[in-house]
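Trainee: The structure's right below; bear with me while I get my questions together.
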2 protein chains.
Amino acid sequence: MIRIKDIAEKAGVSPTTVSNVIHGNRKKVSKNTMKKIEKILTEMDYVPSMGAMMLAGGSSRIIGVLAWEPDRKKYHSEGPAFSNIVIRSLESEIYNRNYYMLLHFVSSPEEGIQFAAIWNVEGLITLGFGAKDNVKLQSKCKVPVVSIDAYYKEQQVANVGLDDRGGGYLMAEYLIQCGHEKIGFVSDNDVGVDHERWKGVCSACKEYNVPEEGVKHIIIPGETHMRRKFYEKYLDVISRKYDALFFASDYYAVEAIAEMADRGIQVPEEVSVAGFDDNKGAELCRPRLTTIHQEAEAKACRAVGKLFDFIRGVRKISMTERLPVTLVIRDSVLVRES
Amino acid sequence: MIRIKDIAEKAGVSPTTVSNVIHGNRKKVSKNTMKKIEKILTEMDYVPSMGAMMLAGGSSRIIGVLAWEPDRKKYHSEGPAFSNIVIRSLESEIYNRNYYMLLHFVSSPEEGIQFAAIWNVEGLITLGFGAKDNVKLQSKCKVPVVSIDAYYKEQQVANVGLDDRGGGYLMAEYLIQCGHEKIGFVSDNDVGVDHERWKGVCSACKEYNVPEEGVKHIIIPGETHMRRKFYEKYLDVISRKYDALFFASDYYAVEAIAEMADRGIQVPEEVSVAGFDDNKGAELCRPRLTTIHQEAEAKACRAVGKLFDFIRGVRKISMTERLPVTLVIRDSVLVRES
DNA sequence: ATGAAAGCGCTAACAA
DNA sequence: TTGTTAGCGCTTTCAT
């Protein structure tokens, strides 16, 4: 391993000067020495020791990314929770700023707090955390925290998310305009993101004077096995009862379309199906899924951007940011009247 | 931040003793002091400083996970490359050993080498690296490297993968037994994993005396847009020409089934389709995809296991490990004769 | 069984 | 513009 000291000796200068060159402190070094040392630096393949930097400078250049993992033992069985593309974008954005991403799955905010302390992370991004856990995390860490896709009663932790309510509204409006009168909104919970999407559905229905009995929130089991059982029992009934089923995620929508196909239920002739997210599966299923499109990369990009605003002490930072979503019309919703 | 020194003062012992307690050096500390200090440790919420540990001890407790990323700019556009579940399992396995995962996407082995040096990682796992890049990485790093899903001419870097050839064989055999005589193997390249799968197909065909003209390797474009164009031009022809199309990945198989549905091509009546991997999409598409099942978690688990065998200096370590795969029969392959 | 002291590679305050 | 120096928190001989 080549140390700053080695470079300094080779160049006949002091370690401080080398350090200054490395950090581009142009004010403190003459152009000549700058050049000379830069050359030696590359010649000798100098790489900094993060351990020493962390210890001496107090800056780790680490961003901790905390992904919620309800059960460490069962990680294989369930859920999309964190998206491939978000992780990739996150790393990319972090690395572009010359930082590094330490990814960790946790099942309690305390784990995250300890993790942040051990590594002296300079910032934290959370995925899939509930509001309370984000708040707890933020309160115990001195470093900035940016949550993704969380909702707070009182704005307490910086957040980047989607216009979930707008998305719910958009889809419900479309469904109504297509002539659907009985609309079921399907999700596995009624908090956070899904709650907002449902709220959006409600307000569209109110606006368009859809009678209250015509709109319902159907809660399905989050666990695959249980959900399958649920469908066995109720899918036929539900499909007959509603004109359109709006699932809170594409994943569930695609799954439901498959289950319906098994039962000979025609989509969209017998029942329309819509999703939310616009993931890969939405394009690949048949009929193609009509859904709400979100920009996952943009979400990651903005989250990292906001985090670094905090780290760099930018003055006015909005605590929350909701990215716009758009309606993508494909083939899974029947147009009954135009 | 609480330091060892603080604990030592509180306990009225030396930092050395505290350090010994932390590391469980029972030989060096009396039971009494052990207990006393352990109590203070938890009372005061001591968390170690990794920076100091890295510097002093030379061990970082970091495992670098390097995922191949052909083009950093275009990360949004393409490819599954790294799987969700593998990343999750990797992190879990690493964390269970009290290590941490630094995930980094690279587009050259040099990036990986530098990354490993900066962080003084204790081991490296690569995803999606070609053989040459793995070899280059290993040659420049003193720490152990375990690649996932790579193939080497001469065994040069430790690897964990699947019995890809066996999988190819298994599926081809099944296809043949189902009465298919013209089999197309479809992938976007002919190296590494896909090459092996194709080899498996070949040997099954030879074994079962399928005439050579009946078996072909069809190379499709890896880029979505190009592939779509390719299908526009050739999918009809191909579907008519072959009895069965065996795709090297479920992703491509599911996509093809959708494309076929658009063209009114009946699967499996007109052409059978098979995949490889058994991912989520395989169960969700209709007809359900007949495919080769792999255990992604097991792959990650074994990779980490092997890496730590190296780190801990276990004697005899197999350089390569191929996990078994199984045939999963669903509905996308027609049984012409039993 | 316990402690003193040196030093890991780097940064930053201060001196020159 | 450049150099000297004192740590950062921890591990690790080597004494005791």
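Residue numbering restarts at 1 for every chain of the structure tokens, chains are lettered A, B, ... in their displayed order, and ligands are numbered from 1 as they appear.
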Kindly determine which residues of chain C lie within 8 Å of chain B, considering only C-alpha atoms (C1' of nucleotides), and give the answer as a PyMOL selection string.

Mentor: chain C and resi 1-3+8-9

Trainee: Apply DSSP to the structure's backbone, then extract all residues of range 54-260 of chain B labelled strand (DSSP E) and return them as number ranges by chain.

Mentor: B: 62-68, 100-106, 123-127, 145-148, 158-162, 183-187, 215-219, 244-247

Trainee: Compile a residue-level contact table for chain B against chain A at a cut-off of 6 Å, reporting for every qualifying residue the shortest atom pair and its distance in Å to one decimal, with only C-alpha atoms counted, rows ordered by chain and ascending number, as a Markdown table.

Mentor:
```
| residue | atom | partner | partner_atom | distance |
| --- | --- | --- | --- | --- |
| B:Val47 | CA | A:Ile118 | CA | 5.8 |
| B:Pro48 | CA | A:Ile118 | CA | 5.7 |
| B:Ser49 | CA | A:Ile118 | CA | 5.3 |
| B:Met50 | CA | A:Trp119 | CA | 5.7 |
| B:Gly51 | CA | A:Gly51 | CA | 4.3 |
| B:Ala52 | CA | A:Leu55 | CA | 5.6 |
| B:Met54 | CA | A:Gly51 | CA | 5.0 |
| B:Leu55 | CA | A:Gly51 | CA | 5.1 |
| B:Asn84 | CA | A:Asn84 | CA | 5.5 |
| B:Leu102 | CA | A:Leu102 | CA | 4.8 |
| B:Ile118 | CA | A:Ser49 | CA | 5.4 |
| B:Trp119 | CA | A:Met50 | CA | 5.7 |
| B:Glu255 | CA | A:Leu284 | CA | 5.8 |
| B:Ala258 | CA | A:Leu284 | CA | 6.0 |
| B:Leu284 | CA | A:Glu255 | CA | 5.8 |
```

Trainee: Keeping C-alpha atoms, export the residues of the selection given above as a short mmCIF file (atom, residue, chain, number, x, y, z; two decimals), in the first residue's frame.

Mentor:
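Result saved to result-v8.cif:
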```cif
data_model
loop_
_atom_site.label_atom_id
_atom_site.label_comp_id
_atom_site.auth_asym_id
_atom_site.auth_seq_id
_atom_site.Cartn_x
_atom_site.Cartn_y
_atom_site.Cartn_z
CA VAL B 47 -20.48 1.13 19.28
CA PRO B 48 -17.09 0.53 17.71
CA SER B 49 -15.66 2.94 15.21
CA MET B 50 -15.00 1.09 12.01
CA GLY B 51 -12.62 3.76 10.91
CA ALA B 52 -10.37 3.13 13.84
CA MET B 54 -9.75 -0.49 9.85
CA LEU B 55 -6.76 1.63 10.57
CA ASN B 84 -33.07 -8.56 -6.30
CA LEU B 102 -20.55 -2.51 0.07
CA ILE B 118 -9.76 2.04 -1.08
CA TRP B 119 -11.96 0.17 1.31
CA GLU B 255 -41.72 -11.77 -23.25
CA ALA B 258 -46.63 -12.13 -24.82
CA LEU B 284 -47.51 -15.32 -13.37
#
```

Trainee: With only C-alpha atoms (C1' of nucleotides) counted and 10 Å as the cut-off, give the residues of chain D in contact with chain B, each with its shortest interatomic distance in Å and the pair that gives it, as CSV.

Mentor:
```
residue,atom,partner,partner_atom,distance
D:DC8,C1',B:Ala52,CA,7.8
D:DG9,C1',B:Ala52,CA,4.9
D:DC10,C1',B:Ala52,CA,5.1
D:DT11,C1',B:Gly57,CA,5.4
D:DT12,C1',B:Gly57,CA,8.6
```

Trainee: Looking only at the backbone, which of the residues in range 50-286 of chain A does DSSP tag as helix (DSSP H, G or I), as an MDAnalysis selection string?

Mentor: chainID A and resid 50:57 72:74 84:96 109:119 131:140 164:177 192:207 212:214 224:241 250:262 280:284

Trainee: What's the separation between CA of His23 in chain B and CA of Cys141 in chain A, in Å to one decimal place?

Mentor: 26.0 Å

Trainee: Need the shell around range 216-219 of chain A: protein/DNA/RNA residues with any atom at most 8 Å away, counting only C-alpha atoms (C1' of nucleotides). Skip same-chain ones fewer than 5 positions apart. Format as a PyMOL selection string?

Mentor: chain A and resi 183-190+198

Trainee: Could you give me, as a VMD selection string, the residues within 10 Å of range 5-7 of chain D, counting only C-alpha atoms (C1' of nucleotides) and dropping anything in the same chain fewer than 4 positions from it?

Mentor: (chain A and resid 56) or (chain C and resid 11 to 15)
